[in-house]
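The data block below is input-v8.txt; it holds compact mmCIF, C-alpha atoms.
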```txt
# COMPACT_ATOMS: atom_id res chain seq x y z
CA MET A 4 346.77 21.24 97.17
CA GLY A 5 349.53 22.84 95.19
CA PHE A 6 353.24 23.07 94.49
CA GLU A 7 356.08 25.49 94.90
CA VAL A 8 358.70 26.75 92.45
CA ASN A 9 361.35 29.33 93.31
CA GLY A 10 359.56 30.20 96.53
CA LYS A 11 356.21 30.89 94.78
CA THR A 12 353.22 28.73 95.70
CA TYR A 13 350.71 27.58 93.09
CA GLU A 14 347.32 26.26 94.14
CA THR A 15 345.97 23.26 92.20
CA ASP A 16 342.73 21.27 92.23
CA GLU A 17 342.46 17.55 92.98
CA GLU A 18 343.39 16.69 89.37
CA GLY A 19 346.45 18.92 89.40
CA TYR A 20 345.05 21.81 87.32
CA LEU A 21 345.95 25.34 88.40
CA VAL A 22 343.11 26.92 90.37
CA ASN A 23 343.93 30.47 89.26
CA ILE A 24 344.87 30.84 85.63
CA THR A 25 346.48 34.19 86.46
CA ASP A 26 349.03 32.43 88.68
CA TRP A 27 350.61 30.83 85.62
CA ASP A 28 354.13 31.63 84.51
CA GLU A 29 356.77 29.61 82.65
CA ALA A 30 358.14 28.21 85.89
CA ALA A 31 354.71 26.82 86.75
CA GLY A 32 354.38 25.43 83.22
CA GLY A 33 357.76 23.73 83.59
CA GLU A 34 356.80 22.16 86.92
CA LEU A 35 353.40 20.99 85.63
CA ALA A 36 355.16 19.43 82.62
CA LYS A 37 357.55 17.63 84.94
CA GLN A 38 354.59 16.22 86.89
CA GLU A 39 353.09 15.01 83.60
CA GLY A 40 356.43 13.52 82.56
CA ILE A 41 356.66 15.72 79.47
CA PRO A 42 360.15 16.84 78.40
CA MET A 43 359.34 20.32 77.16
CA SER A 44 360.84 21.27 73.80
CA GLU A 45 360.23 24.28 71.59
CA SER A 46 357.43 22.34 69.86
CA HIS A 47 355.76 21.64 73.19
CA TRP A 48 355.90 25.29 74.19
CA GLU A 49 354.51 26.27 70.81
CA VAL A 50 351.34 24.25 71.52
CA VAL A 51 351.13 25.44 75.13
CA ASN A 52 351.43 29.07 74.05
CA PHE A 53 348.87 28.50 71.32
CA LEU A 54 346.42 27.20 73.94
CA ARG A 55 347.05 30.20 76.18
CA ASP A 56 346.36 32.55 73.28
CA TYR A 57 343.21 30.63 72.36
CA TYR A 58 341.99 30.81 75.94
CA SER A 59 342.63 34.52 76.22
CA GLU A 60 340.67 35.11 73.00
CA PHE A 61 337.69 32.81 73.61
CA GLN A 62 337.78 32.02 77.37
CA ILE A 63 337.71 28.28 76.76
CA ALA A 64 340.17 25.46 76.21
CA PRO A 65 339.33 24.00 72.79
CA ALA A 66 338.29 20.38 72.22
CA VAL A 67 340.96 18.22 70.54
CA ARG A 68 339.28 18.31 67.15
CA VAL A 69 339.07 22.10 67.29
CA LEU A 70 342.63 22.36 68.57
CA THR A 71 344.09 20.31 65.72
CA LYS A 72 342.17 22.29 63.13
CA ALA A 73 343.12 25.65 64.62
CA ILE A 74 346.78 24.66 65.01
CA GLY A 75 346.86 23.51 61.40
CA LYS A 76 345.54 26.90 60.34
CA LYS A 77 348.04 28.82 62.42
CA LEU A 78 351.20 26.69 62.55
CA GLY A 79 350.92 24.68 59.35
CA PRO A 80 349.23 21.44 58.24
CA GLU A 81 352.19 19.26 59.32
CA LYS A 82 351.36 20.24 62.92
CA GLY A 83 347.58 20.33 62.58
CA ASN A 84 346.99 16.62 63.03
CA SER A 85 346.34 14.50 66.07
CA GLN A 86 349.35 12.24 65.46
CA TYR A 87 351.77 15.16 65.83
CA LEU A 88 349.99 16.43 68.93
CA TYR A 89 349.76 13.00 70.57
CA GLU A 90 353.49 12.49 70.00
CA LEU A 91 354.12 15.66 71.98
CA PHE A 92 351.46 14.96 74.63
CA PRO A 93 350.85 11.18 74.75
CA TYR A 94 348.01 11.30 77.30
CA GLY A 95 345.98 13.70 75.21
CA PRO A 96 346.97 17.12 73.88
CA ALA A 97 343.90 18.85 75.23
CA LYS A 98 344.27 17.37 78.68
CA GLN A 99 348.04 17.48 79.17
CA ALA A 100 348.87 20.63 77.24
CA CYS A 101 345.98 22.48 78.89
CA LYS A 102 347.22 21.49 82.30
CA ILE A 103 350.74 22.68 81.51
CA ALA A 104 349.29 25.90 80.08
CA GLY A 105 347.49 26.53 83.37
CA LEU A 106 344.04 26.30 81.77
CA PRO A 107 341.01 24.57 83.26
CA LYS A 108 340.17 21.10 81.98
CA PRO A 109 338.70 21.47 78.47
CA THR A 110 334.93 21.50 78.15
CA GLY A 111 333.89 18.20 76.65
CA CYS A 112 337.08 16.44 77.67
CA ILE A 113 335.75 13.03 78.63
CA MET B 11 310.33 52.23 100.58
CA LEU B 12 313.07 50.72 98.44
CA ASN B 13 311.73 48.42 95.72
CA ILE B 14 314.27 45.97 94.31
CA ILE B 15 313.74 44.31 90.92
CA ASN B 16 316.05 41.58 89.65
CA LYS B 17 314.29 40.18 86.55
CA THR B 18 313.69 41.57 83.07
CA PRO B 19 310.25 43.02 82.34
CA TRP B 20 309.64 40.10 79.94
CA ASP B 21 310.65 37.42 82.39
CA ARG B 22 308.30 38.60 85.11
CA PRO B 23 305.81 41.44 85.58
CA ALA B 24 307.58 42.51 88.78
CA LEU B 25 308.69 45.92 87.55
CA ASP B 26 305.20 46.87 86.38
CA ALA B 27 303.72 45.69 89.67
CA ALA B 28 306.23 47.75 91.62
CA LEU B 29 305.72 50.83 89.44
CA GLN B 30 301.95 50.60 89.93
CA CYS B 31 302.10 50.04 93.67
CA ALA B 32 304.94 52.27 94.72
CA ASP B 33 303.76 55.50 96.27
CA GLY B 34 306.95 57.52 96.37
CA GLY B 35 310.29 56.03 97.35
CA SER B 36 312.82 54.36 95.12
CA ILE B 37 313.20 51.57 92.59
CA LEU B 38 316.54 49.79 92.41
CA LEU B 39 317.20 47.62 89.37
CA ILE B 40 319.74 44.84 89.91
CA GLU B 41 320.89 41.68 88.06
CA ASP B 42 318.65 41.07 85.00
CA GLY B 43 316.44 43.91 86.22
CA VAL B 44 318.90 46.46 84.82
CA TYR B 45 317.84 45.76 81.22
CA ALA B 46 314.65 47.72 81.91
CA ALA B 47 316.74 50.88 82.17
CA THR B 48 318.25 50.68 78.68
CA ARG B 49 317.45 53.04 75.82
CA GLY B 50 315.06 51.71 73.24
CA SER B 51 313.74 48.96 75.49
CA ALA B 52 309.97 48.51 75.43
CA SER B 53 309.85 49.21 79.17
CA GLU B 54 311.60 52.57 78.84
CA ALA B 55 308.43 54.67 78.55
CA ARG B 56 306.88 53.09 81.66
CA LEU B 57 310.02 53.74 83.61
CA LYS B 58 310.17 57.36 82.45
CA ASP B 59 306.53 57.91 83.38
CA ALA B 60 307.33 56.88 86.93
CA MET B 61 310.32 59.15 87.31
CA GLY B 62 308.24 62.09 88.58
CA ARG B 63 307.12 60.18 91.66
CA LEU B 64 309.89 57.62 92.08
CA LYS B 65 313.64 57.77 92.05
CA ILE B 66 315.11 55.08 89.77
CA TYR B 67 318.50 53.49 90.39
CA ALA B 68 320.42 50.75 88.55
CA LEU B 69 323.37 48.75 89.85
CA GLY B 70 326.52 49.66 87.87
CA PRO B 71 328.34 46.31 88.07
CA ASP B 72 325.25 44.54 86.66
CA LEU B 73 324.97 47.06 83.80
CA GLU B 74 328.65 46.52 82.94
CA ALA B 75 328.42 42.73 83.14
CA ARG B 76 325.60 42.79 80.57
CA GLY B 77 327.28 45.25 78.23
CA VAL B 78 324.56 47.89 78.60
CA ALA B 79 326.28 50.52 80.80
CA ASP B 80 326.62 52.82 77.78
CA ARG B 81 322.93 52.82 76.90
CA LEU B 82 321.35 53.79 80.16
CA THR B 83 317.96 55.51 80.05
CA GLU B 84 318.22 59.18 80.88
CA GLY B 85 317.23 60.02 84.45
CA VAL B 86 318.34 56.71 85.95
CA THR B 87 321.06 56.97 88.60
CA VAL B 88 323.83 54.38 88.60
CA VAL B 89 325.00 53.12 91.99
CA GLY B 90 327.72 50.68 93.06
CA TYR B 91 327.51 48.11 95.84
CA ASP B 92 328.23 50.85 98.39
CA GLY B 93 325.32 52.88 97.01
CA PHE B 94 323.13 49.76 97.24
CA VAL B 95 323.94 49.51 100.95
CA ASP B 96 323.24 53.22 101.45
CA LEU B 97 319.81 52.86 99.79
CA VAL B 98 318.88 49.95 102.03
CA ALA B 99 320.01 51.92 105.09
CA GLU B 100 318.23 55.15 104.06
CA ASN B 101 314.86 53.54 103.44
CA LYS B 102 312.62 52.51 106.28
CA THR B 103 311.51 49.38 104.45
CA CYS B 104 312.75 47.35 101.56
CA GLN B 105 310.88 45.02 99.25
CA SER B 106 312.38 42.61 96.75
CA TRP B 107 309.75 41.98 94.04
CA LEU B 108 310.63 38.33 93.47
CA MET C 6 325.78 7.46 62.58
CA THR C 7 323.06 9.46 60.90
CA ILE C 8 323.33 13.19 61.28
CA LYS C 9 320.44 14.81 63.08
CA LYS C 10 319.38 18.43 63.23
CA PHE C 11 319.75 19.85 66.74
CA MET C 12 318.55 23.29 67.70
CA PHE C 13 319.38 24.96 71.01
CA VAL C 14 316.76 27.56 71.85
CA ASN C 15 318.02 30.30 74.17
CA ARG C 16 315.42 32.48 75.89
CA LYS C 17 317.18 33.76 79.02
CA ALA C 18 319.45 36.70 79.72
CA PRO C 19 323.03 35.79 80.73
CA TYR C 20 324.32 35.80 84.35
CA GLY C 21 320.94 36.21 86.11
CA THR C 22 320.43 32.46 85.71
CA ILE C 23 322.74 29.62 84.67
CA TYR C 24 320.80 28.71 81.50
CA ALA C 25 322.86 30.70 78.99
CA LEU C 26 326.18 29.25 80.12
CA GLU C 27 324.78 25.72 80.37
CA SER C 28 323.45 25.94 76.83
CA LEU C 29 326.77 27.17 75.47
CA GLU C 30 328.65 24.38 77.24
CA VAL C 31 326.31 21.70 75.95
CA VAL C 32 326.67 23.08 72.42
CA LEU C 33 330.46 22.96 72.68
CA ILE C 34 330.46 19.45 74.13
CA GLY C 35 327.86 18.28 71.62
CA ALA C 36 329.93 19.62 68.73
CA ALA C 37 332.26 16.65 69.21
CA PHE C 38 329.45 14.42 67.88
CA GLU C 39 329.44 16.22 64.53
CA GLN C 40 325.73 16.79 64.25
CA ASP C 41 323.91 19.56 62.40
CA VAL C 42 323.74 22.12 65.21
CA SER C 43 322.05 25.52 65.22
CA MET C 44 321.32 28.02 67.96
CA ALA C 45 318.31 30.27 68.25
CA PHE C 46 318.27 33.41 70.37
CA THR C 47 314.85 34.77 71.17
CA ASP C 48 313.11 36.75 73.93
CA ASP C 49 315.66 37.68 76.65
CA GLY C 50 318.07 35.22 75.01
CA VAL C 51 319.12 37.91 72.54
CA TYR C 52 320.84 39.66 75.47
CA GLN C 53 323.35 36.78 75.58
CA LEU C 54 325.01 38.14 72.45
CA LYS C 55 325.11 41.82 73.50
CA LYS C 56 328.55 43.24 72.78
CA GLY C 57 330.75 44.72 75.50
CA GLN C 58 329.99 42.51 78.51
CA ASN C 59 332.41 43.00 81.40
CA THR C 60 331.67 40.80 84.39
CA LYS C 61 334.68 41.71 86.49
CA ALA C 62 332.73 43.70 89.06
CA ILE C 63 330.11 40.98 89.67
CA GLY C 64 332.76 38.28 90.15
CA ILE C 65 331.26 35.85 87.62
CA LYS C 66 333.20 34.47 84.66
CA GLY C 67 331.99 36.18 81.50
CA PHE C 68 331.38 34.15 78.35
CA GLU C 69 330.66 36.68 75.62
CA LYS C 70 334.03 35.90 74.01
CA THR C 71 333.24 32.19 73.88
CA TYR C 72 330.46 32.73 71.30
CA GLY C 73 333.35 33.71 69.00
CA ALA C 74 334.69 30.14 69.19
CA LEU C 75 331.46 28.58 67.90
CA GLU C 76 332.70 28.92 64.33
CA ASP C 77 335.74 26.73 65.19
CA TYR C 78 333.24 24.15 66.46
CA ASP C 79 331.37 24.31 63.12
CA VAL C 80 328.35 25.92 64.76
CA THR C 81 327.62 28.64 62.26
CA LYS C 82 323.84 28.76 62.16
CA LEU C 83 322.90 31.38 64.74
CA TYR C 84 319.36 32.71 64.39
CA VAL C 85 318.21 35.81 66.24
CA ASP C 86 314.64 36.98 66.05
CA GLN C 87 313.96 40.49 64.89
CA GLU C 88 310.97 41.13 67.14
CA SER C 89 312.94 40.31 70.29
CA LEU C 90 315.80 42.58 69.23
CA THR C 91 313.49 45.47 68.45
CA ALA C 92 311.57 45.22 71.73
CA ARG C 93 314.89 45.55 73.54
CA GLY C 94 316.23 48.46 71.51
CA LEU C 95 318.89 46.28 69.87
CA THR C 96 320.04 45.64 66.30
CA ALA C 97 322.40 43.07 64.75
CA GLU C 98 325.21 45.64 65.09
CA ASP C 99 324.91 45.41 68.88
CA LEU C 100 325.78 41.70 68.82
CA CYS C 101 329.22 40.13 69.36
CA VAL C 102 329.08 37.58 66.50
CA PRO C 103 327.61 37.50 62.99
CA VAL C 104 324.06 36.13 63.10
CA GLU C 105 321.12 35.62 60.80
CA VAL C 106 318.28 37.89 61.87
CA VAL C 107 314.92 36.25 61.15
CA SER C 108 311.28 36.94 61.90
CA ARG C 109 309.54 34.90 64.59
CA ALA C 110 307.59 33.14 61.86
CA GLU C 111 310.82 32.14 60.10
CA LEU C 112 312.27 31.01 63.42
CA GLY C 113 309.23 28.82 63.89
CA LYS C 114 309.87 27.20 60.51
CA HIS C 115 313.49 26.47 61.49
CA MET C 116 312.24 24.89 64.73
CA GLU C 117 309.77 22.76 62.81
CA ALA C 118 312.61 21.43 60.64
CA GLN C 119 314.61 20.01 63.59
CA ASP C 120 314.96 16.43 64.79
CA VAL C 121 315.76 17.60 68.32
CA VAL C 122 315.01 20.90 70.03
CA LEU C 123 316.71 21.68 73.33
CA SER C 124 315.30 24.52 75.37
CA PHE C 125 317.33 26.77 77.64
```

Serialized structure, structure tokens:
Amino acid sequence: MGFEVNGKTYETDEEGYLVNITDWDEAAGGELAKQEGIPMSESHWEVVNFLRDYYSEFQIAPAVRVLTKAIGKKLGPEKGNSQYLYELFPYGPAKQACKIAGLPKPTGCI
Amino acid sequence: MLNIINKTPWDRPALDAALQCADGGSILLIEDGVYAATRGSASEARLKDAMGRLKIYALGPDLEARGVADRLTEGVTVVGYDGFVDLVAENKTCQSWL
Amino acid sequence: MTIKKFMFVNRKAPYGTIYALESLEVVLIGAAFEQDVSMAFTDDGVYQLKKGQNTKAIGIKGFEKTYGALEDYDVTKLYVDQESLTARGLTAEDLCVPVEVVSRAELGKHMEAQDVVLSF
């Protein structure tokens, strides 16, 4: 399974997550967002980039509770709440934003 | 003979058994076995005692994975996967002390 | 929901078996339930926290960095037993996260105080 953008092929698993995190680039992120029906704005990218940074530091995608807390610490309390994040990613910030960020499905994402 | 150990000395007495049995030849530490070849470990003295009669090797990738490549016991030779293959080929017999 | 005391006891070296990773994953998943979680590292388990792990050459995903995320998951009680460190030529400075070094006797008291003990 997979998709293609600008002649580059990206392999995905049966749930649509990138198989190789190193394949990710903005074009892949854009295509994954399209598949999720998310119109990417600067605020969306801010969360996606935050997740990528978190993953590179700790090698995991954070649980929603941890994500909201950590975002609040880094980007300000007005963004560190689940309402803000669910507005951006209605089907779950951890699940949708992680997919767009090219990360594996978060541990503990039920 | 090549004696291969893949568990820590605490997990299993395989290293001690091999050190006591082996009559010449080589010991190759792989996977969790590599911890035995780290400075300050309780097994270090036993390993050093055996160095006169046995040649001791440890697998480099396993040392690196466990963050102990920089504290290798003196006298232990680090080999890569290619060196692992060479050791198996050079020795007439090979025993994994499971 | 009443809060219970959970302790995860880690006694295996990383990578040689799957126990260390499984334990860490269960801790991270379990953190969603907001219980009083602690982790104990004893015997070969102290090797899990050894600084400087690089698993590239063995082709297994490393998880040393993930211990650094435990704080975000409110798992801050990490006990490491002194005797196990010493036998392996290690000190607290060799470890990748801040821990509380305790004697085996003290560790036993912490275990005794738990509602649930999970062994890995």

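In chain C, the set of residues within 6 Å of chain A (atoms considered: only C-alpha atoms) is Ile34, Lys70, Thr71 and Ala74 of chain C.
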
Report task. Could you check how far CA of Leu73 in chain B sits from CA of Glu76 in chain C, in Å to one decimal? Result -> 27.7 Å

Query raised in the report: For chain B, which residues have at least one atom within 7 Å of chain C, if we go by all atoms listed in the file? Write them as a VMD selection string, please.
Result: chain B and resid 41 to 42 49 to 52 71 to 72 74 to 77

**Report entry** range 83-94 of chain B surroundings by all atoms listed in the file, 6 Å radius, close-in-sequence under 3 positions cut, as an MDAnalysis selection string
**Finding:** chainID B and resid 47:49 66:70 97

Query raised in the report: What is the CA of Glu30 in chain C to CA of Pro93 in chain A distance in Å?
Result: 25.9 Å

Query - Shortest interatomic distance to Glu90 in chain A - which of A:Glu18, A:Lys11, A:Ile41, A:Asp26, counting only C-alpha atoms - result: A:Ile41

Query - Gap from CA of Tyr89 in chain A to CA of Thr25 in chain A - Å, one decimal - result: 26.7 Å

Give me the box for range 53-68 of chain A as JSON, namely the centre and edge lengths in Å to one decimal of a box along x, y and z that holds every listed atom plus 4 Å on each side.
```
{"center_x": 343.3, "center_y": 26.7, "center_z": 72.3, "size_x": 19.2, "size_y": 24.9, "size_z": 18.2}
```

Query - Local residues around (347.7, 22.1, 99.6), at most 8 Å away, using all atoms listed in the file, as a ChimeraX atom specification - result: /A:4-6,14-15

For the residues in the current selection, export C-alpha atoms as a JSON list (two decimals), in the coordinates of the input.
```json
[["chain", "number", "residue", "atom", "x", "y", "z"],
["A", 4, "MET", "CA", 346.77, 21.24, 97.17],
["A", 5, "GLY", "CA", 349.53, 22.84, 95.19],
["A", 6, "PHE", "CA", 353.24, 23.07, 94.49],
["A", 14, "GLU", "CA", 347.32, 26.26, 94.14],
["A", 15, "THR", "CA", 345.97, 23.26, 92.20]]
```

Query raised in the report: Counting all atoms listed in the file, what is within 9 Å of Lys108 in chain A, bar same-chain residues fewer than 5 positions away, as a count of residues only?
Result: 6

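Distances from C:Val42, C:Ala36, C:Leu83, C:Leu26 to Leu100 in chain C were compared using only C-alpha atoms, and the smallest one belongs to C:Leu83.
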
Skipping near chain neighbours, those fewer than 5 positions away, what residues fall within 8 Å of Gly43 in chain B using only C-alpha atoms, listed as a compact mmCIF listing (two decimals) with C-alpha atoms, keeping the file's coordinate frame?
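out.txt was written with the following content:
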```
# COMPACT_ATOMS: atom_id res chain seq x y z
CA ILE B 15 313.74 44.31 90.92
CA ASN B 16 316.05 41.58 89.65
CA LYS B 17 314.29 40.18 86.55
CA THR B 18 313.69 41.57 83.07
CA PRO B 19 310.25 43.02 82.34
```

Show which residues sit within 12 Å of Leu88 in chain A, as a CSV table (one decimal) with C-alpha atoms, in the coordinates of the input. Count only C-alpha atoms, and ignore same-chain residues fewer than 5 positions away.
```
chain,number,residue,atom,x,y,z
A,46,SER,CA,357.4,22.3,69.9
A,47,HIS,CA,355.8,21.6,73.2
A,48,TRP,CA,355.9,25.3,74.2
A,49,GLU,CA,354.5,26.3,70.8
A,50,VAL,CA,351.3,24.2,71.5
A,51,VAL,CA,351.1,25.4,75.1
A,67,VAL,CA,341.0,18.2,70.5
A,68,ARG,CA,339.3,18.3,67.2
A,70,LEU,CA,342.6,22.4,68.6
A,71,THR,CA,344.1,20.3,65.7
A,72,LYS,CA,342.2,22.3,63.1
A,74,ILE,CA,346.8,24.7,65.0
A,75,GLY,CA,346.9,23.5,61.4
A,80,PRO,CA,349.2,21.4,58.2
A,81,GLU,CA,352.2,19.3,59.3
A,82,LYS,CA,351.4,20.2,62.9
A,83,GLY,CA,347.6,20.3,62.6
A,93,PRO,CA,350.8,11.2,74.8
A,94,TYR,CA,348.0,11.3,77.3
A,95,GLY,CA,346.0,13.7,75.2
A,96,PRO,CA,347.0,17.1,73.9
A,97,ALA,CA,343.9,18.8,75.2
A,98,LYS,CA,344.3,17.4,78.7
A,99,GLN,CA,348.0,17.5,79.2
A,100,ALA,CA,348.9,20.6,77.2
```
